Structures are given as structure tokens and as C-alpha cells.
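Enquirer: The structure is given below, and queries will be raised subsequently.
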Amino acid sequence: MINIYTTDENGKIKELKKLQKGCWIDLVNPDMEELESISKKTKTDLDLLTKLMDDEELPRIEEGDNATLIVVDTPYATDAKYKHKYNTDPLGIIINNDGYFITVSLKKQSLLNDFKNNKIKNFDIKKKTKFVIQILIRLAGVYQKELNSIDDYINRKETILSKSTDNKELVDLLNVEKTLVYFSTSLKANDIVLEKLAKGNVIKLYEEDEDLLDDALIENKQAIEMASIYREILTSMTDTFASIISNNLNDVMKFLTGITIVLSIPTMVASFLGMNVPMGKMGTSNVSFIIILAVSFVVSILITIILKKKNML
């Protein structure tokens, strides 16, 4: 899918039907025909475009004959059934020497929606360097937002796990831990890209862009730190609560065993007294049943007290 945008004299973004110099071309899961068309019309190396069709493409900076490619990793939800189960996907940003700005991704990038919906202040597609940095700041913000949501989720799970005997809660946390591994790896790779951009050798940095790039670096490093801290907390927490769940299960088994012992007393008494043997006056008394019940009850109470004192019930 190909979408083409430009900004008017009032800084408002609008969609175009045809290419024009200085426009933004957004490619979402394009087919080979679309890639070849854009490559030919913008004089961009086809190789730069086709590389981004690999979902394992790593964050990096690469220069072609007529364009510069910047690849970063962006998060996406992999399974709606599991909350906070994420992976990362490459987003390619191509700055063409003829004035075209191209973004290429296999999936729709929600972080670009704010640009398309005129929610970004001082946004101008013609300012390519600033546009790149603004995307990177938004990307770091997306990671931070999801990491904060993961932190809240972990805190909620902590209360549930302290009383749980179900492995499902641990499985949910393991999915979150896997997400944090992906986030941490991708954020560190994105940080390398930002550091290279900060040197000013890849794309020309203007004075107003330097402060913005510093903000992007700070936001990304903060996201790296958050991912690292939450991952350590979660690792420790899953180990601890695996033991707690095991102990909870042991407590349940201990209680059930104690109850089984207590309830077996009346059964044993009734079994002995129900044997086909002479019992003298006990066998013919009108109150024999009451006596048997009383004896069973007293013995059961004594056994319960003994088990309670030994912390077995």
C-alpha cells in the first residue's frame, strides 16, 4: 500500500494522489511492483527498499547511491489473547537526495498516525532531518508508554500471585518477560543508530536539530533503563512466585491430608463397631448409636487439636 503526503503553507498535512518533490511516501507491506515503481520514480536503490521486506532486518544506517537508509525497530502486539505480548519489527526511513522522504514497514506503524493527523507541532515534511528525529522521539515514547503499562501489569499480578496455585499467572508473566527481552535488545540497537546520527556524518544536522536529537537520545536511554529494571524485577519475581505457588499448593495438600485423617476417625469407629461380633449390653442399648457418635466426635476433635498444634492443619 502506498500513501503520499505533503504539508501546505499552514503546516497542515494533506494526502496526494501523485508524487511531487519534497513529499513523504509511506509504504506499508508493499508488493514488488510497488517497490519497483517507487524506486524508478524517486531514483532510489531498489535494494534499499527490498531489504526492508525482511522482518529480521536489524537497526542500522546504510547509504546508497542516491539515498540514505535508517532502520529502527518498532514494537507491535503479536497476540491479542495475551496482554503485553510484543515483538519488534523494522521501520525503514529513507532520505532521498532528490527530496523524497520514504518510510517502509511490513505493518502499519501507529507512531506515524500523529504525523498524519496533524498532532505534531512544528511539523514540516520538507525538513527531512527534523522529521527523522521527531519519528525517533515518538518511537522512544511508544516504548516508554508500553513499559509503564507493563509495570502496572506486573504490580497487579503480584497481588494475584501471592494467593495463586495456578501456573497460568506465571505463563502470563513469562510472556511479558519475553517482551522485555525484545524491547531491551531493540532499544539498544536503536540507541546505536541515534549515536551515529548524533555525529552528524550521516545526515546534515542543523542547530535546531541538535537539541531535538539530544532529547531523542535521552528518551531512548531512559526507555533502555526502564526495560532493564523491569526485566530484572520480573525475573526475580517469577522465581520467587514459582516457589510461592509451590508452597501454596503444599499448604492445600497438607490441609486436605489433615481433613482426610480427621474424617477417617468416625469411619474407623463405625467399621470396628459394625463387625459381626458380640458387643454385650452395648449392642442392645438404645443409646449405643449416640455413644458411638460422641466417641467419634471427641476423638476427631482431639486429632484436630493435635494436628493444629503441629501445624499440619
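Identifiers in this document derive from the order of the C-alpha cells: chains are assigned A, B, ..., residues are numbered from 1 separately in each chain, and ligands are numbered from 1 in order of occurrence.
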Using only C-alpha atoms, which protein or nucleic acid residues come within 7 Å of segment 220-235 of chain A? Drop anything in the same chain fewer than 5 positions from it, and give the result as a PDB file with C-alpha atoms, in the first residue's frame.
Expert:
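Done, and the output landed in around-v6.pdb:
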```pdb
ATOM      1  CA  ALA A 140      11.034   6.139  22.245  1.00  0.00           C
ATOM      2  CA  TYR A 143       8.334   2.114  24.129  1.00  0.00           C
ATOM      3  CA  GLN A 144       8.089   4.120  27.364  1.00  0.00           C
ATOM      4  CA  LEU A 147       6.868  -0.170  29.555  1.00  0.00           C
ATOM      5  CA  ASP A 151       4.974  -2.046  35.195  1.00  0.00           C
ATOM      6  CA  GLU A 177       9.455 -11.178  30.262  1.00  0.00           C
ATOM      7  CA  LEU A 180      11.050  -7.082  27.745  1.00  0.00           C
ATOM      8  CA  PHE A 183      12.324  -4.340  23.871  1.00  0.00           C
ATOM      9  CA  SER A 184      15.718  -4.210  25.550  1.00  0.00           C
ATOM     10  CA  LEU A 187      16.184  -0.210  22.163  1.00  0.00           C
ATOM     11  CA  LYS A 188      19.922  -0.820  22.454  1.00  0.00           C
ATOM     12  CA  ASP A 191      20.496   3.702  20.506  1.00  0.00           C
TER      13      ASP A 191
END
```
Enquirer: Give me, as a CSV table (one decimal) with N, CA and C atoms, in the first residue's frame, all polymer residues having an atom no more than 12 Å from Ser110 of chain A, counting only C-alpha atoms and skipping those fewer than 3 positions away in the same chain.
Expert:
```csv
chain,number,residue,atom,x,y,z
A,28,VAL,N,3.4,0.6,3.2
A,28,VAL,CA,3.1,-0.4,4.2
A,28,VAL,C,2.9,-1.8,3.5
A,74,THR,N,10.5,-1.2,15.8
A,74,THR,CA,9.3,-0.6,16.5
A,74,THR,C,8.5,-1.8,17.1
A,75,PRO,N,7.8,-1.6,18.2
A,75,PRO,CA,7.1,-2.7,18.8
A,75,PRO,C,5.7,-2.9,18.2
A,76,TYR,N,5.2,-4.1,18.2
A,76,TYR,CA,3.9,-4.5,17.8
A,76,TYR,C,3.4,-5.7,18.6
A,77,ALA,N,2.1,-5.7,18.8
A,77,ALA,CA,1.4,-6.8,19.6
A,77,ALA,C,1.4,-8.0,18.7
A,91,LEU,N,11.4,-0.6,10.9
A,91,LEU,CA,10.8,0.5,10.2
A,91,LEU,C,12.0,1.2,9.4
A,105,SER,N,7.6,-0.2,5.9
A,105,SER,CA,7.4,-1.2,7.0
A,105,SER,C,6.4,-2.3,6.6
A,107,LYS,N,4.2,-3.6,8.6
A,107,LYS,CA,2.9,-3.5,9.3
A,107,LYS,C,2.7,-2.0,9.5
A,113,ASN,N,0.8,7.8,13.0
A,113,ASN,CA,-0.5,8.4,12.9
A,113,ASN,C,-0.6,9.8,13.3
A,114,ASP,N,0.1,10.1,14.4
A,114,ASP,CA,0.1,11.5,14.9
A,114,ASP,C,0.6,12.5,13.9
A,115,PHE,N,1.5,12.1,13.0
A,115,PHE,CA,2.0,13.0,12.0
A,115,PHE,C,0.9,13.1,10.9
A,116,LYS,N,0.3,12.0,10.6
A,116,LYS,CA,-0.8,12.1,9.5
A,116,LYS,C,-2.0,12.8,10.0
A,117,ASN,N,-2.2,12.9,11.3
A,117,ASN,CA,-3.4,13.5,11.9
A,117,ASN,C,-3.2,14.9,12.4
A,135,ILE,N,10.4,11.3,14.5
A,135,ILE,CA,9.9,9.9,14.5
A,135,ILE,C,10.6,9.2,15.6
A,138,ARG,N,9.2,10.0,18.9
A,138,ARG,CA,7.9,9.3,19.1
A,138,ARG,C,8.0,7.8,19.4
A,139,LEU,N,9.0,7.2,18.7
A,139,LEU,CA,9.3,5.8,18.9
A,139,LEU,C,9.7,5.5,20.3
A,141,GLY,N,9.0,7.2,22.9
A,141,GLY,CA,7.8,7.5,23.7
A,141,GLY,C,6.8,6.3,23.6
A,142,VAL,N,6.7,5.6,22.5
A,142,VAL,CA,5.9,4.4,22.4
A,142,VAL,C,6.4,3.3,23.3
```
Enquirer: Counting only C-alpha atoms, which residue out of A:Asn311, A:Thr238, A:Asn97, A:Ser300 sits closest to Phe255 of chain A?
Expert: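 Using only C-alpha atoms, Phe255 of chain A sits closest to A:Asn311.
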Enquirer: Distance atom CA of Lys128 of chain A-atom CA of Asn96 of chain A, one decimal place?
Expert: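 Between these atoms lies a distance of 9.4 Å.
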Enquirer: Just checking: using only C-alpha atoms, which residue out of A:Asn190, A:Val252, A:Asn29, A:Pro266 ends up closest to Val298 of chain A?
Expert: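 For Val298 of chain A, the nearest of the candidates is A:Pro266.
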Enquirer: What parts of segment 50-158 of chain A does DSSP call strand (DSSP E)? I'd like the answer as a PyMOL selection string.
Expert: chain A and resi 60-63+67-77+86-96+101-105
Enquirer: Give the helix (DSSP H, G or I) residues of segment 42-183 of chain A, as assigned by DSSP on the backbone, as a PyMOL selection string.
Expert: chain A and resi 42+46-51+110-116+128-161+167-183
Enquirer: Looking at A:Ile102, A:Ile303, A:Leu112, A:Leu16, which one is nearest to Ser264 of chain A, with distances taken over only C-alpha atoms?
Expert: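 Comparing A:Ile102, A:Ile303, A:Leu112, A:Leu16 against Ser264 of chain A, the winner is A:Ile303.
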Enquirer: Near segment 60-64 of chain A, within 12 Å and counting only C-alpha atoms, which residues show up once chain neighbours fewer than 2 positions away are dropped, as a short mmCIF file (atom, residue, chain, number, x, y, z; two decimals) with N, CA and C atoms, in the first residue's frame?
Expert:
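part.cif was written with the following content:
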```cif
data_model
loop_
_atom_site.label_atom_id
_atom_site.label_comp_id
_atom_site.auth_asym_id
_atom_site.auth_seq_id
_atom_site.Cartn_x
_atom_site.Cartn_y
_atom_site.Cartn_z
N LYS A 43 14.25 7.41 -8.04
CA LYS A 43 15.66 7.09 -8.26
C LYS A 43 16.33 6.60 -6.98
N THR A 44 15.59 5.80 -6.24
CA THR A 44 16.11 5.20 -5.01
C THR A 44 16.52 3.76 -5.31
N ASP A 45 17.66 3.35 -4.77
CA ASP A 45 18.12 1.98 -4.99
C ASP A 45 17.03 0.98 -4.59
N LEU A 46 16.68 0.10 -5.52
CA LEU A 46 15.67 -0.91 -5.22
C LEU A 46 16.13 -1.83 -4.09
N ASP A 47 17.44 -2.03 -4.01
CA ASP A 47 18.00 -2.91 -2.98
C ASP A 47 17.68 -2.39 -1.57
N LEU A 48 17.72 -1.05 -1.41
CA LEU A 48 17.41 -0.46 -0.11
C LEU A 48 15.96 -0.73 0.29
N LEU A 49 15.08 -0.70 -0.68
CA LEU A 49 13.65 -0.90 -0.42
C LEU A 49 13.32 -2.36 -0.14
N LYS A 51 15.22 -4.73 1.01
CA LYS A 51 15.79 -5.23 2.27
C LYS A 51 14.80 -5.11 3.41
N LEU A 52 13.95 -4.12 3.35
CA LEU A 52 13.01 -3.85 4.43
C LEU A 52 11.82 -4.80 4.42
N GLU A 57 15.33 -7.74 9.72
CA GLU A 57 16.31 -6.70 9.41
C GLU A 57 16.69 -5.95 10.68
N LEU A 58 17.99 -5.75 10.90
CA LEU A 58 18.48 -5.13 12.13
C LEU A 58 18.60 -3.62 11.99
N ASN A 66 21.83 7.19 -4.13
CA ASN A 66 21.05 8.43 -4.15
C ASN A 66 20.16 8.59 -2.91
N ALA A 67 20.46 7.81 -1.87
CA ALA A 67 19.61 7.87 -0.68
C ALA A 67 20.34 7.30 0.53
N THR A 68 19.86 7.68 1.69
CA THR A 68 20.38 7.16 2.97
C THR A 68 19.26 6.41 3.68
N LEU A 69 19.56 5.19 4.11
CA LEU A 69 18.58 4.35 4.79
C LEU A 69 18.87 4.31 6.28
N ILE A 70 17.84 4.55 7.09
CA ILE A 70 17.92 4.42 8.55
C ILE A 70 16.88 3.38 8.96
N VAL A 71 17.34 2.32 9.62
CA VAL A 71 16.43 1.26 10.06
C VAL A 71 16.37 1.26 11.59
N VAL A 72 15.16 1.26 12.14
CA VAL A 72 14.96 1.16 13.58
C VAL A 72 13.91 0.09 13.85
N ASP A 73 13.89 -0.42 15.08
CA ASP A 73 12.90 -1.43 15.47
C ASP A 73 11.72 -0.76 16.18
N PRO A 90 11.06 -4.06 11.90
CA PRO A 90 11.85 -2.95 11.37
C PRO A 90 11.01 -1.87 10.68
N LEU A 91 11.39 -0.65 10.90
CA LEU A 91 10.83 0.51 10.17
C LEU A 91 11.98 1.17 9.44
N GLY A 92 11.85 1.25 8.12
CA GLY A 92 12.89 1.88 7.32
C GLY A 92 12.54 3.33 6.99
N ILE A 93 13.50 4.22 7.20
CA ILE A 93 13.35 5.64 6.86
C ILE A 93 14.41 5.97 5.81
N ILE A 94 13.95 6.39 4.65
CA ILE A 94 14.87 6.68 3.55
C ILE A 94 14.80 8.17 3.20
N ILE A 95 15.96 8.80 3.26
CA ILE A 95 16.06 10.21 2.85
C ILE A 95 16.70 10.24 1.47
N ASN A 96 15.90 10.59 0.49
CA ASN A 96 16.34 10.60 -0.90
C ASN A 96 17.00 11.94 -1.23
N ASN A 97 18.08 11.88 -1.99
CA ASN A 97 18.82 13.10 -2.34
C ASN A 97 18.04 14.03 -3.26
N SER A 186 16.05 -4.31 21.11
CA SER A 186 15.74 -3.35 20.04
C SER A 186 16.11 -1.93 20.44
N LYS A 188 18.46 -0.97 22.50
CA LYS A 188 19.92 -0.82 22.45
C LYS A 188 20.41 -0.67 21.02
N ALA A 189 19.79 -1.42 20.10
CA ALA A 189 20.16 -1.30 18.69
C ALA A 189 19.76 0.07 18.14
N ASN A 190 18.57 0.56 18.54
CA ASN A 190 18.14 1.89 18.13
C ASN A 190 19.07 2.97 18.68
N ASP A 191 19.59 2.73 19.88
CA ASP A 191 20.50 3.70 20.51
C ASP A 191 21.77 3.86 19.69
N ILE A 192 22.25 2.76 19.13
CA ILE A 192 23.45 2.83 18.28
C ILE A 192 23.18 3.69 17.06
N VAL A 193 21.99 3.55 16.48
CA VAL A 193 21.60 4.37 15.33
C VAL A 193 21.57 5.85 15.71
N LEU A 194 20.98 6.14 16.86
CA LEU A 194 20.90 7.53 17.32
C LEU A 194 22.29 8.12 17.56
N GLU A 195 23.19 7.32 18.12
CA GLU A 195 24.56 7.79 18.38
C GLU A 195 25.26 8.13 17.07
N LYS A 196 25.03 7.30 16.05
CA LYS A 196 25.64 7.58 14.74
C LYS A 196 25.07 8.85 14.13
N LEU A 197 23.76 9.04 14.29
CA LEU A 197 23.13 10.26 13.76
C LEU A 197 23.68 11.50 14.47
N ASN A 201 27.53 12.77 10.65
CA ASN A 201 28.17 12.29 9.42
C ASN A 201 27.18 11.63 8.46
N VAL A 202 26.01 11.26 8.98
CA VAL A 202 25.04 10.53 8.17
C VAL A 202 24.12 11.49 7.43
N ILE A 203 23.44 12.33 8.17
CA ILE A 203 22.60 13.39 7.59
C ILE A 203 22.99 14.72 8.23
#
```
Enquirer: Restricting the calculation to only C-alpha atoms, which member of A:Ile261, A:Thr185, A:Asp98, A:Glu15 is positioned closest to Thr42 of chain A?
Expert: A:Asp98
